[in-house]
file entry_12.txt (compact mmCIF, C-alpha atoms)
# COMPACT_ATOMS: atom_id res chain seq x y z
CA MET J 1 -28.52 -35.92 -5.70
CA ALA J 2 -27.75 -35.53 -9.37
CA GLU J 3 -28.79 -31.90 -9.59
CA GLN J 4 -26.13 -30.88 -7.08
CA GLU J 5 -23.54 -31.98 -9.63
CA TYR J 6 -22.94 -31.13 -13.26
CA PRO J 7 -23.17 -34.14 -15.57
CA VAL J 8 -19.85 -35.91 -16.06
CA GLY J 9 -18.88 -37.25 -19.45
CA ASP J 10 -15.87 -38.33 -21.34
CA ARG J 11 -14.79 -34.74 -21.87
CA SER J 12 -15.21 -33.54 -18.33
CA ARG J 13 -14.04 -36.45 -16.19
CA VAL J 14 -11.04 -35.44 -14.09
CA ARG J 15 -8.49 -38.18 -14.72
CA ARG J 16 -5.21 -36.77 -13.45
CA LYS J 17 -5.09 -36.22 -9.68
CA PRO J 18 -8.84 -36.78 -9.26
CA GLU J 19 -8.53 -35.64 -5.63
CA ARG J 20 -8.14 -32.12 -7.06
CA GLY J 21 -11.31 -32.45 -9.14
CA SER J 22 -14.99 -31.80 -8.53
CA HIS J 23 -18.23 -31.81 -10.47
CA GLU J 24 -20.23 -30.18 -7.68
CA ARG J 25 -22.28 -27.28 -8.96
CA ALA J 26 -21.43 -25.15 -5.93
CA VAL J 27 -17.69 -25.53 -6.58
CA VAL J 28 -17.88 -25.03 -10.35
CA ASP J 29 -20.31 -22.11 -10.07
CA ALA J 30 -18.20 -20.28 -7.49
CA ILE J 31 -15.21 -20.40 -9.85
CA LEU J 32 -17.32 -19.24 -12.79
CA ASP J 33 -18.91 -16.43 -10.79
CA GLU J 34 -15.62 -15.00 -9.61
CA GLY J 35 -14.06 -14.78 -13.06
CA LEU J 36 -14.00 -11.71 -15.30
CA VAL J 37 -12.64 -13.34 -18.43
CA CYS J 38 -13.08 -16.84 -19.83
CA HIS J 39 -11.24 -18.62 -22.62
CA VAL J 40 -13.63 -19.92 -25.26
CA GLY J 41 -12.46 -22.81 -27.44
CA VAL J 42 -14.13 -23.70 -30.71
CA VAL J 43 -13.14 -25.78 -33.71
CA VAL J 44 -12.71 -23.82 -36.95
CA ASP J 45 -11.76 -25.78 -40.10
CA SER J 46 -10.92 -28.79 -37.88
CA ARG J 47 -8.44 -26.73 -35.86
CA PRO J 48 -8.69 -25.29 -32.34
CA VAL J 49 -9.13 -21.56 -31.70
CA VAL J 50 -9.09 -20.12 -28.17
CA ILE J 51 -10.25 -16.54 -27.61
CA PRO J 52 -10.61 -14.59 -24.33
CA MET J 53 -14.07 -13.16 -23.73
CA SER J 54 -16.07 -11.60 -20.96
CA TYR J 55 -18.96 -13.77 -19.82
CA ALA J 56 -21.49 -14.37 -17.08
CA ARG J 57 -23.17 -17.41 -15.60
CA ASP J 58 -26.97 -17.32 -15.50
CA GLY J 59 -28.19 -20.45 -13.72
CA GLY J 60 -27.03 -23.45 -15.73
CA ARG J 61 -25.98 -21.45 -18.78
CA LEU J 62 -23.15 -19.13 -19.72
CA ILE J 63 -23.76 -15.87 -21.57
CA LEU J 64 -21.22 -14.52 -24.05
CA HIS J 65 -21.41 -11.58 -26.37
CA GLY J 66 -19.49 -9.90 -29.13
CA ALA J 67 -19.72 -7.84 -32.28
CA ALA J 68 -22.20 -9.19 -34.81
CA GLY J 69 -20.19 -10.24 -37.84
CA SER J 70 -17.07 -11.46 -36.04
CA ARG J 71 -16.00 -14.93 -37.15
CA LEU J 72 -16.06 -16.40 -33.67
CA MET J 73 -19.49 -14.97 -32.93
CA TRP J 74 -20.74 -16.38 -36.21
CA ALA J 75 -19.44 -19.84 -35.31
CA LEU J 76 -21.01 -19.66 -31.86
CA ALA J 77 -24.30 -18.28 -33.17
CA SER J 78 -24.53 -21.08 -35.70
CA GLY J 79 -24.56 -23.66 -32.92
CA CYS J 80 -21.03 -25.02 -32.67
CA GLU J 81 -19.70 -26.94 -29.70
CA ALA J 82 -17.66 -24.83 -27.32
CA CYS J 83 -15.47 -25.32 -24.28
CA VAL J 84 -15.40 -22.42 -21.83
CA THR J 85 -12.59 -22.38 -19.27
CA VAL J 86 -12.14 -20.00 -16.34
CA THR J 87 -8.93 -20.00 -14.28
CA HIS J 88 -7.97 -18.18 -11.10
CA LEU J 89 -4.29 -18.14 -10.28
CA ASP J 90 -3.81 -18.24 -6.50
CA GLY J 91 -0.09 -18.76 -6.12
CA ILE J 92 3.22 -20.14 -7.27
CA VAL J 93 4.18 -23.28 -5.35
CA VAL J 94 7.96 -23.31 -4.93
CA ALA J 95 9.17 -26.79 -3.96
CA HIS J 96 12.73 -27.94 -3.27
CA SER J 97 12.70 -29.52 -6.73
CA ALA J 98 11.37 -28.34 -10.07
CA PHE J 99 9.32 -31.55 -10.30
CA ASP J 100 7.29 -30.80 -7.18
CA SER J 101 6.89 -27.10 -7.96
CA SER J 102 3.42 -26.19 -9.10
CA MET J 103 0.70 -23.57 -9.13
CA ASN J 104 -2.17 -22.98 -6.76
CA TYR J 105 -5.25 -22.40 -8.88
CA ARG J 106 -8.96 -22.94 -9.27
CA SER J 107 -10.26 -23.70 -12.75
CA ALA J 108 -13.63 -24.62 -14.21
CA VAL J 109 -14.12 -26.22 -17.61
CA ALA J 110 -17.62 -26.19 -19.10
CA PHE J 111 -18.78 -27.88 -22.30
CA GLY J 112 -21.89 -27.20 -24.33
CA ARG J 113 -23.33 -26.18 -27.63
CA ALA J 114 -23.62 -22.46 -28.24
CA ARG J 115 -26.62 -20.73 -29.76
CA ALA J 116 -27.66 -17.17 -30.46
CA ILE J 117 -30.24 -15.42 -28.30
CA ASP J 118 -32.36 -13.58 -30.85
CA ASP J 119 -35.51 -12.68 -28.94
CA PRO J 120 -35.09 -8.97 -28.07
CA THR J 121 -36.44 -9.29 -24.51
CA ALA J 122 -34.27 -12.31 -23.73
CA LYS J 123 -31.31 -10.60 -25.38
CA ARG J 124 -31.71 -7.45 -23.27
CA ARG J 125 -31.98 -9.54 -20.13
CA ALA J 126 -28.85 -11.52 -21.01
CA LEU J 127 -26.91 -8.30 -21.65
CA ASP J 128 -27.99 -6.98 -18.23
CA VAL J 129 -26.70 -10.22 -16.66
CA LEU J 130 -23.36 -9.69 -18.42
CA THR J 131 -23.11 -6.07 -17.32
CA ASP J 132 -24.01 -6.85 -13.72
CA HIS J 133 -21.56 -9.76 -13.59
CA LEU J 134 -18.71 -7.42 -14.43
CA ILE J 135 -19.93 -4.35 -12.52
CA PRO J 136 -22.52 -5.44 -9.95
CA GLY J 137 -25.65 -3.29 -10.24
CA ARG J 138 -24.48 -1.26 -13.23
CA ALA J 139 -27.40 -2.26 -15.50
CA GLY J 140 -29.78 -0.40 -13.17
CA GLU J 141 -27.71 2.79 -13.24
CA ILE J 142 -27.55 3.33 -17.00
CA ARG J 143 -29.93 3.63 -19.93
CA PRO J 144 -30.95 0.37 -21.60
CA PRO J 145 -29.26 -0.54 -24.91
CA THR J 146 -30.78 1.11 -27.98
CA ASP J 147 -32.26 -1.01 -30.76
CA ALA J 148 -29.23 -0.20 -32.92
CA GLU J 149 -26.83 -1.33 -30.17
CA LEU J 150 -28.86 -4.51 -29.74
CA ALA J 151 -28.68 -5.23 -33.47
CA ALA J 152 -24.90 -4.70 -33.49
CA THR J 153 -24.36 -7.23 -30.69
CA THR J 154 -24.50 -11.00 -30.96
CA VAL J 155 -25.50 -12.59 -27.66
CA ILE J 156 -24.77 -16.27 -27.14
CA GLU J 157 -25.98 -18.75 -24.59
CA LEU J 158 -24.26 -21.99 -23.81
CA VAL J 159 -26.27 -24.39 -21.70
CA ILE J 160 -23.70 -26.27 -19.63
CA GLU J 161 -23.88 -29.93 -20.64
CA GLU J 162 -20.85 -31.09 -18.69
CA ALA J 163 -18.53 -29.27 -16.31
CA SER J 164 -15.73 -29.91 -13.89
CA ALA J 165 -13.56 -27.96 -11.52
CA LYS J 166 -9.95 -28.58 -10.61
CA THR J 167 -8.11 -26.86 -7.80
CA ARG J 168 -4.83 -26.91 -5.92
CA SER J 169 -4.09 -25.04 -2.74
CA GLY J 170 -1.63 -25.08 0.10
CA PRO J 171 2.13 -25.59 0.47
CA PRO J 172 4.34 -27.85 -1.68
CA SER J 173 3.45 -31.53 -1.40
CA LYS J 174 5.83 -33.45 0.80
CA PRO J 175 7.63 -36.05 -1.28
CA ALA J 176 8.64 -39.36 0.30
CA ARG J 177 12.35 -38.69 -0.09
CA SER J 178 14.13 -36.32 2.23
CA ILE J 179 14.19 -32.59 1.64
CA PRO J 180 17.65 -31.06 1.32
CA ARG J 181 18.38 -28.78 4.26
CA GLY J 182 18.63 -25.10 3.58
CA VAL J 183 16.67 -25.12 0.32
CA TRP J 184 13.73 -22.73 0.57
CA SER J 185 10.26 -23.92 -0.29
CA GLY J 186 6.87 -22.32 0.11
CA VAL J 187 4.22 -20.39 -1.76
CA VAL J 188 4.10 -16.97 -3.37
CA PRO J 189 0.38 -16.04 -3.14
CA LEU J 190 -1.06 -14.18 -6.13
CA ARG J 191 -4.16 -12.00 -6.20
CA LEU J 192 -6.00 -10.07 -8.86
CA THR J 193 -6.60 -6.70 -7.26
CA ALA J 194 -8.57 -3.61 -8.27
CA LEU J 195 -6.82 -0.25 -8.04
CA PRO J 196 -8.77 2.95 -7.32
CA ALA J 197 -11.20 3.82 -10.13
CA VAL J 198 -9.97 6.48 -12.60
CA PRO J 199 -12.78 8.79 -13.84
CA ALA J 200 -12.88 9.57 -17.58
CA PRO J 201 -12.38 13.23 -18.56
CA GLY J 202 -15.56 15.12 -17.66
CA ALA J 203 -17.02 12.36 -15.49
CA PRO J 204 -18.09 12.99 -11.88
CA GLY J 205 -15.23 12.27 -9.46
CA GLU J 206 -17.09 9.90 -7.21
CA PRO J 207 -17.78 6.48 -8.75
CA PRO J 208 -21.28 5.01 -8.29
CA ALA J 209 -22.14 2.06 -6.04
CA SER J 210 -21.71 -0.47 -8.88
CA VAL J 211 -18.14 0.59 -9.56
CA ARG J 212 -17.29 0.68 -5.86
CA ARG J 213 -18.43 -2.97 -5.69
CA VAL J 214 -15.82 -4.09 -8.23
CA GLY J 215 -13.03 -4.20 -5.66
CA GLY J 216 -14.84 -6.72 -3.46
CA ARG J 217 -15.95 -8.65 -6.50
CA VAL J 218 -12.42 -8.99 -7.87
CA SER J 219 -10.77 -10.08 -4.65
CA GLY J 220 -13.34 -12.84 -4.59
CA THR J 221 -13.46 -13.05 -0.82
CA MET E 1 10.94 -7.06 -42.36
CA ALA E 2 9.23 -10.40 -42.14
CA GLU E 3 11.20 -11.71 -39.18
CA GLN E 4 10.04 -8.87 -36.98
CA GLU E 5 6.51 -10.19 -37.35
CA TYR E 6 4.92 -13.58 -36.78
CA PRO E 7 3.39 -15.09 -39.92
CA VAL E 8 -0.25 -14.13 -40.43
CA GLY E 9 -2.73 -16.66 -41.71
CA ASP E 10 -6.39 -17.27 -41.86
CA ARG E 11 -6.47 -18.28 -38.19
CA SER E 12 -4.48 -15.41 -36.81
CA ARG E 13 -5.60 -12.40 -38.84
CA VAL E 14 -7.20 -9.80 -36.56
CA ARG E 15 -10.48 -8.98 -38.27
CA ARG E 16 -12.50 -7.16 -35.62
CA LYS E 17 -11.09 -3.77 -34.60
CA PRO E 18 -7.79 -4.38 -36.44
CA GLU E 19 -6.40 -1.21 -34.86
CA ARG E 20 -6.21 -3.23 -31.65
CA GLY E 21 -4.27 -6.04 -33.32
CA SER E 22 -0.60 -6.69 -33.97
CA HIS E 23 1.57 -9.44 -35.39
CA GLU E 24 4.83 -7.84 -34.26
CA ARG E 25 7.05 -10.31 -32.48
CA ALA E 26 8.02 -7.76 -29.84
CA VAL E 27 4.37 -7.15 -28.92
CA VAL E 28 3.34 -10.81 -28.97
CA ASP E 29 6.46 -11.97 -27.11
CA ALA E 30 6.08 -9.37 -24.35
CA ILE E 31 2.56 -10.63 -23.65
CA LEU E 32 3.70 -14.26 -23.70
CA ASP E 33 6.68 -13.54 -21.45
CA GLU E 34 4.61 -11.79 -18.78
CA GLY E 35 2.06 -14.58 -18.44
CA LEU E 36 2.12 -17.36 -15.84
CA VAL E 37 -0.71 -19.45 -17.22
CA CYS E 38 -1.87 -20.07 -20.77
CA HIS E 39 -5.03 -21.68 -22.09
CA VAL E 40 -4.27 -24.53 -24.46
CA GLY E 41 -6.95 -25.53 -26.96
CA VAL E 42 -6.92 -28.83 -28.78
CA VAL E 43 -9.51 -30.83 -30.70
CA VAL E 44 -10.46 -34.16 -29.11
CA ASP E 45 -13.01 -36.32 -30.94
CA SER E 46 -13.86 -33.32 -33.17
CA ARG E 47 -14.71 -31.20 -30.13
CA PRO E 48 -12.80 -28.35 -28.47
CA VAL E 49 -11.06 -28.76 -25.12
CA VAL E 50 -9.39 -25.83 -23.35
CA ILE E 51 -7.09 -26.48 -20.40
CA PRO E 52 -5.01 -24.01 -18.32
CA MET E 53 -1.31 -24.83 -18.18
CA SER E 54 1.94 -23.24 -17.15
CA TYR E 55 4.24 -22.54 -20.07
CA ALA E 56 7.30 -20.61 -21.21
CA ARG E 57 8.41 -19.02 -24.45
CA ASP E 58 11.83 -20.08 -25.72
CA GLY E 59 12.60 -18.08 -28.86
CA GLY E 60 9.96 -18.88 -31.45
CA ARG E 61 8.52 -21.85 -29.57
CA LEU E 62 6.38 -22.44 -26.53
CA ILE E 63 7.24 -25.08 -23.94
CA LEU E 64 4.49 -26.93 -22.06
CA HIS E 65 4.70 -29.82 -19.68
CA GLY E 66 2.51 -32.20 -17.78
CA ALA E 67 2.18 -35.66 -16.34
CA ALA E 68 3.06 -38.43 -18.76
CA GLY E 69 -0.12 -40.39 -19.37
CA SER E 70 -2.58 -37.52 -19.16
CA ARG E 71 -4.97 -37.40 -22.10
CA LEU E 72 -4.11 -33.85 -23.09
CA MET E 73 -0.38 -34.53 -22.91
CA TRP E 74 -0.88 -37.60 -25.03
CA ALA E 75 -2.75 -35.57 -27.66
CA LEU E 76 -0.05 -32.89 -27.67
CA ALA E 77 2.80 -35.41 -27.74
CA SER E 78 1.25 -37.16 -30.70
CA GLY E 79 1.51 -33.99 -32.76
CA CYS E 80 -1.92 -32.40 -32.72
CA GLU E 81 -2.61 -28.79 -33.66
CA ALA E 82 -2.91 -26.49 -30.70
CA CYS E 83 -3.91 -22.92 -30.00
CA VAL E 84 -2.22 -21.30 -27.00
CA THR E 85 -3.76 -18.11 -25.65
CA VAL E 86 -2.38 -15.82 -22.94
CA THR E 87 -4.48 -12.97 -21.55
CA HIS E 88 -3.63 -10.16 -19.14
CA LEU E 89 -6.58 -8.31 -17.69
CA ASP E 90 -5.67 -4.65 -17.15
CA GLY E 91 -8.97 -3.06 -16.25
CA ILE E 92 -12.72 -2.81 -16.47
CA VAL E 93 -13.82 -0.01 -18.81
CA VAL E 94 -17.00 1.54 -17.43
CA ALA E 95 -18.75 3.59 -20.12
CA HIS E 96 -21.99 5.59 -19.81
CA SER E 97 -23.69 2.74 -21.69
CA ALA E 98 -23.37 -1.03 -21.46
CA PHE E 99 -22.62 -1.10 -25.20
CA ASP E 100 -19.46 0.99 -24.87
CA SER E 101 -18.29 -0.71 -21.67
CA SER E 102 -15.35 -3.03 -22.22
CA MET E 103 -12.19 -4.50 -20.77
CA ASN E 104 -8.62 -3.29 -20.98
CA TYR E 105 -6.49 -6.30 -21.81
CA ARG E 106 -3.51 -7.65 -23.69
CA SER E 107 -3.86 -11.07 -25.26
CA ALA E 108 -1.69 -13.20 -27.50
CA VAL E 109 -2.96 -16.13 -29.56
CA ALA E 110 -0.39 -18.56 -30.99
CA PHE E 111 -1.02 -21.47 -33.34
CA GLY E 112 1.19 -24.43 -34.07
CA ARG E 113 1.58 -28.16 -34.05
CA ALA E 114 2.72 -29.68 -30.78
CA ARG E 115 5.35 -32.37 -30.45
CA ALA E 116 7.08 -34.16 -27.60
CA ILE E 117 10.65 -33.33 -26.66
CA ASP E 118 12.16 -36.76 -26.02
CA ASP E 119 15.90 -36.16 -26.11
CA PRO E 120 16.95 -36.08 -22.41
CA THR E 121 19.34 -33.13 -22.78
CA ALA E 122 16.78 -31.05 -24.71
CA LYS E 123 14.08 -32.08 -22.24
CA ARG E 124 16.15 -30.99 -19.23
CA ARG E 125 16.90 -27.69 -20.90
CA ALA E 126 13.22 -27.10 -21.69
CA LEU E 127 12.23 -27.86 -18.08
CA ASP E 128 14.82 -25.34 -16.86
CA VAL E 129 13.28 -22.74 -19.21
CA LEU E 130 9.86 -23.50 -17.71
CA THR E 131 11.12 -23.25 -14.14
CA ASP E 132 12.98 -20.00 -14.77
CA HIS E 133 9.99 -18.47 -16.56
CA LEU E 134 7.86 -18.95 -13.46
CA ILE E 135 10.55 -18.25 -10.84
CA PRO E 136 13.44 -16.38 -12.49
CA GLY E 137 16.76 -18.10 -11.67
CA ARG E 138 15.25 -21.00 -9.72
CA ALA E 139 16.71 -23.74 -11.96
CA GLY E 140 20.21 -22.73 -10.84
CA GLU E 141 19.30 -22.92 -7.14
CA ILE E 142 17.96 -26.47 -7.02
CA ARG E 143 19.11 -29.97 -7.96
CA PRO E 144 18.42 -31.08 -11.54
CA PRO E 145 15.45 -33.41 -12.15
CA THR E 146 16.18 -37.09 -11.53
CA ASP E 147 15.86 -39.61 -14.35
CA ALA E 148 12.63 -40.89 -12.75
CA GLU E 149 11.18 -37.36 -12.62
CA LEU E 150 12.19 -36.83 -16.24
CA ALA E 151 10.45 -40.05 -17.27
CA ALA E 152 7.28 -39.06 -15.42
CA THR E 153 7.05 -35.72 -17.23
CA THR E 154 5.95 -35.12 -20.80
CA VAL E 155 7.55 -31.99 -22.24
CA ILE E 156 5.99 -30.44 -25.32
CA GLU E 157 7.24 -27.86 -27.75
CA LEU E 158 5.03 -25.88 -30.04
CA VAL E 159 6.84 -23.96 -32.76
CA ILE E 160 4.76 -20.84 -33.32
CA GLU E 161 3.46 -20.96 -36.90
CA GLU E 162 1.14 -17.97 -36.63
CA ALA E 163 0.49 -15.52 -33.83
CA SER E 164 -1.30 -12.31 -33.12
CA ALA E 165 -1.78 -9.92 -30.25
CA LYS E 166 -4.83 -7.86 -29.41
CA THR E 167 -4.91 -5.12 -26.84
CA ARG E 168 -7.15 -2.40 -25.48
CA SER E 169 -6.09 0.33 -23.10
CA GLY E 170 -7.26 3.71 -21.92
CA PRO E 171 -10.59 5.30 -21.02
CA PRO E 172 -14.00 4.52 -22.56
CA SER E 173 -14.21 5.36 -26.27
CA LYS E 174 -16.10 8.57 -26.93
CA PRO E 175 -19.21 7.82 -28.92
CA ALA E 176 -20.48 10.35 -31.44
CA ARG E 177 -23.73 10.94 -29.56
CA SER E 178 -23.79 13.06 -26.44
CA ILE E 179 -22.94 11.64 -23.04
CA PRO E 180 -25.65 12.00 -20.40
CA ARG E 181 -24.55 14.41 -17.68
CA GLY E 182 -23.92 12.99 -14.25
CA VAL E 183 -23.35 9.40 -15.38
CA TRP E 184 -19.94 8.21 -14.18
CA SER E 185 -17.53 6.65 -16.63
CA GLY E 186 -13.92 5.61 -16.31
CA VAL E 187 -11.68 2.65 -15.71
CA VAL E 188 -11.14 0.31 -12.76
CA PRO E 189 -7.50 -0.80 -13.21
CA LEU E 190 -6.75 -4.43 -12.37
CA ARG E 191 -3.38 -5.93 -11.47
CA LEU E 192 -2.15 -9.40 -10.67
CA THR E 193 -0.02 -8.89 -7.58
CA ALA E 194 2.28 -11.12 -5.57
CA LEU E 195 1.82 -11.18 -1.79
CA PRO E 196 4.76 -11.83 0.56
CA ALA E 197 6.16 -15.36 0.16
CA VAL E 198 4.97 -17.91 2.76
CA PRO E 199 7.70 -20.43 3.75
CA ALA E 200 6.69 -24.10 3.99
CA PRO E 201 6.99 -25.71 7.44
CA GLY E 202 10.69 -26.27 8.16
CA ALA E 203 11.91 -24.05 5.31
CA PRO E 204 14.35 -21.18 5.92
CA GLY E 205 12.48 -17.93 6.60
CA GLU E 206 14.23 -15.83 3.99
CA PRO E 207 13.25 -16.67 0.39
CA PRO E 208 16.08 -16.93 -2.16
CA ALA E 209 16.75 -14.43 -4.95
CA SER E 210 14.60 -16.34 -7.47
CA VAL E 211 11.51 -16.15 -5.28
CA ARG E 212 12.13 -12.50 -4.46
CA ARG E 213 12.10 -11.80 -8.22
CA VAL E 214 8.54 -13.14 -8.62
CA GLY E 215 6.98 -9.89 -7.38
CA GLY E 216 8.61 -7.81 -10.11
CA ARG E 217 7.93 -10.51 -12.67
CA VAL E 218 4.22 -10.64 -11.90
CA SER E 219 3.62 -6.90 -11.92
CA GLY E 220 5.08 -6.95 -15.39
CA THR E 221 6.75 -3.61 -15.06
call {"tool": "encode", "arguments": {"input": "entry_12.txt", "output": "structure tokens"}}
result
Amino acid sequence: MAEQEYPVGDRSRVRRKPERGSHERAVVDAILDEGLVCHVGVVVDSRPVVIPMSYARDGGRLILHGAAGSRLMWALASGCEACVTVTHLDGIVVAHSAFDSSMNYRSAVAFGRARAIDDPTAKRRALDVLTDHLIPGRAGEIRPPTDAELAATTVIELVIEEASAKTRSGPPSKPARSIPRGVWSGVVPLRLTALPAVPAPGAPGEPPASVRRVGGRVSGT
Amino acid sequence: MAEQEYPVGDRSRVRRKPERGSHERAVVDAILDEGLVCHVGVVVDSRPVVIPMSYARDGGRLILHGAAGSRLMWALASGCEACVTVTHLDGIVVAHSAFDSSMNYRSAVAFGRARAIDDPTAKRRALDVLTDHLIPGRAGEIRPPTDAELAATTVIELVIEEASAKTRSGPPSKPARSIPRGVWSGVVPLRLTALPAVPAPGAPGEPPASVRRVGGRVSGT
């Protein structure tokens, strides 16, 4: 069923180690939904520029936002092509040789054309999606953005035209040749973890439900 | 003194919130040296592609590597322009409004033209730099790459032509208008942490010094 997979094109086909690749929506979306920061690539004056941004997935589109007037936001708002990549680092794979050493990771690469969301209602909704992606439930705890805040923010949507995921997990691959005895190999697992929340001066000590949810959201389990 | 800063150009000038930006080599290099994965942007058929890769800084250049024959490696080896971005996520900044909420982060963006390192001695040295960046001291613990492994690997150098860093730290910014009472604000700190090393089947239980150094390397302290 086509709709269970993202379209595959020349940009998104996984060529190297295709056994690590997937175009399944469930796989790609899980990687996108766990991430806090994406790396957005655009072409400016024929040259690549890659900028980290917060983001959220909303169905088959990605939402980005930034200060109105920034050069990147201007490029995105004017409808340029973009590549949005999200990577989770799960471990360092230490093999008996440098050649077989590697990383455990899950990454998603999405391609599409960006465009500005100008309609105020749609813009407010997209900003709520962004806020709740980062801090689940926060949009319902705070006042809505003012008109001035809305005007100062450029909100971008990128309908995902093509996407792929690539992942590696597990111990070092066993090469055909023999492994020297006594040389350690294995994996150093890595995790992004949330430390206890630190209240700002004058804030109540106890964080609200949304902030308490960040820990579970970050660990991704 | 010019050599204490990376050159600034049209691509690398920090325009938005310049108080968060820096071109100082010490600032940029510290961010690059802490990272395990970078996001490499190139232009393929006039469109942006962003791929996560392991990397290492070696003086004023970045070293990348990958399987010979991959499309991205081919583009890099043939001398394309690249943008390499490294981002550390330090926290989620929870303000009393969505507008003032943000992320604490440190990111470095480097621009340059890629080229293949073909000379075998230079290639071996660059691979050792890569290995030791990820697992400090590992290159000295294991056998050198074989000629076949060397041939199967494309090693790229990117001399940094322009670079900039951008960082945010600390609590939510205080807006001029009053903060509603009772609404929590603060920071949820985030850290990439290394869990205890997991030996591969048949490997000695005790990891070597290089692997034991990964924990301190990842925490970045």
call {"tool": "residues_around", "arguments": {"input": "entry_12.txt", "residues": "Asp147 (chain J)", "least_positions_apart": "4", "cutoff": "9 Å", "atoms": "only C-alpha atoms", "output": "list in words"}}
result
Pro120, Ala151 and Ala152 of chain J
call {"tool": "closest_atom_pairs", "arguments": {"input": "entry_12.txt", "of": "chain E", "to": "chain J", "cutoff": "6 Å", "atoms": "all atoms listed in the file", "output": "JSON lines"}}
result
{"residue": "E:Gly41", "atom": "CA", "partner": "J:Pro48", "partner_atom": "CA", "distance": 5.7}
{"residue": "E:Val42", "atom": "CA", "partner": "J:Pro48", "partner_atom": "CA", "distance": 5.3}
{"residue": "E:Val43", "atom": "CA", "partner": "J:Pro48", "partner_atom": "CA", "distance": 5.8}
{"residue": "E:Pro48", "atom": "CA", "partner": "J:Val42", "partner_atom": "CA", "distance": 5.3}
{"residue": "E:Val49", "atom": "CA", "partner": "J:Cys83", "partner_atom": "CA", "distance": 5.7}
{"residue": "E:Val50", "atom": "CA", "partner": "J:Gly41", "partner_atom": "CA", "distance": 5.9}
{"residue": "E:Cys83", "atom": "CA", "partner": "J:Val49", "partner_atom": "CA", "distance": 5.7}
{"residue": "E:Pro171", "atom": "CA", "partner": "J:Ala200", "partner_atom": "CA", "distance": 5.9}
{"residue": "E:Trp184", "atom": "CA", "partner": "J:Ala203", "partner_atom": "CA", "distance": 5.2}
{"residue": "E:Ser185", "atom": "CA", "partner": "J:Ala200", "partner_atom": "CA", "distance": 5.6}
{"residue": "E:Gly186", "atom": "CA", "partner": "J:Pro199", "partner_atom": "CA", "distance": 4.2}
{"residue": "E:Val187", "atom": "CA", "partner": "J:Val198", "partner_atom": "CA", "distance": 5.2}
{"residue": "E:Val188", "atom": "CA", "partner": "J:Ala197", "partner_atom": "CA", "distance": 4.4}
{"residue": "E:Pro189", "atom": "CA", "partner": "J:Leu195", "partner_atom": "CA", "distance": 5.2}
{"residue": "E:Leu190", "atom": "CA", "partner": "J:Ala194", "partner_atom": "CA", "distance": 4.6}
{"residue": "E:Arg191", "atom": "CA", "partner": "J:Thr193", "partner_atom": "CA", "distance": 5.4}
{"residue": "E:Leu192", "atom": "CA", "partner": "J:Leu192", "partner_atom": "CA", "distance": 4.3}
{"residue": "E:Thr193", "atom": "CA", "partner": "J:Arg191", "partner_atom": "CA", "distance": 5.4}
{"residue": "E:Ala194", "atom": "CA", "partner": "J:Leu190", "partner_atom": "CA", "distance": 4.6}
{"residue": "E:Leu195", "atom": "CA", "partner": "J:Pro189", "partner_atom": "CA", "distance": 5.2}
{"residue": "E:Ala197", "atom": "CA", "partner": "J:Val188", "partner_atom": "CA", "distance": 4.4}
{"residue": "E:Val198", "atom": "CA", "partner": "J:Val187", "partner_atom": "CA", "distance": 5.2}
{"residue": "E:Pro199", "atom": "CA", "partner": "J:Gly186", "partner_atom": "CA", "distance": 4.2}
{"residue": "E:Ala200", "atom": "CA", "partner": "J:Gly186", "partner_atom": "CA", "distance": 4.3}
{"residue": "E:Ala203", "atom": "CA", "partner": "J:Trp184", "partner_atom": "CA", "distance": 5.2}
{"residue": "E:Pro204", "atom": "CA", "partner": "J:Trp184", "partner_atom": "CA", "distance": 5.6}
call {"tool": "atom_distance", "arguments": {"input": "entry_12.txt", "atom1": "CA of Leu32 (chain E)", "atom2": "CA of Leu62 (chain J)"}}
result
27.6 Å
call {"tool": "atom_distance", "arguments": {"input": "entry_12.txt", "atom1": "CA of Ala163 (chain E)", "atom2": "CA of Leu76 (chain E)"}}
result
18.4 Å
call {"tool": "residues_around", "arguments": {"input": "entry_12.txt", "residues": "Ala126 (chain E)", "least_positions_apart": "5", "cutoff": "9 Å", "atoms": "only C-alpha atoms", "output": "ChimeraX atom specification"}}
result
/E:56,58,63-64,117,121,131,155-157
call {"tool": "atom_distance", "arguments": {"input": "entry_12.txt", "atom1": "CA of Ala209 (chain J)", "atom2": "CA of Ala30 (chain J)"}}
result
22.7 Å
call {"tool": "axis_aligned_box", "arguments": {"input": "entry_12.txt", "around": "region 81-90 of chain E", "padding_each_side": "8 Å", "output": "lines of an AutoDock Vina configuration file"}}
result
center_x = -4.4
center_y = -16.7
center_z = -25.4
size_x = 20.4
size_y = 40.1
size_z = 32.5
call {"tool": "closest_residue", "arguments": {"input": "entry_12.txt", "among": "J:Lys166, J:Arg20, J:His65, J:Arg13", "to": "Ala114 (chain J)", "atoms": "all atoms listed in the file"}}
result
J:His65
call {"tool": "closest_residue", "arguments": {"input": "entry_12.txt", "among": "E:Pro18, E:Asp119, E:Val159, E:Ala26", "to": "Gly79 (chain E)", "atoms": "all atoms listed in the file"}}
result
E:Val159
call {"tool": "closest_residue", "arguments": {"input": "entry_12.txt", "among": "J:Glu161, J:Arg113, J:Gly35, J:Thr154", "to": "Arg57 (chain J)", "atoms": "all atoms listed in the file"}}
result
J:Gly35
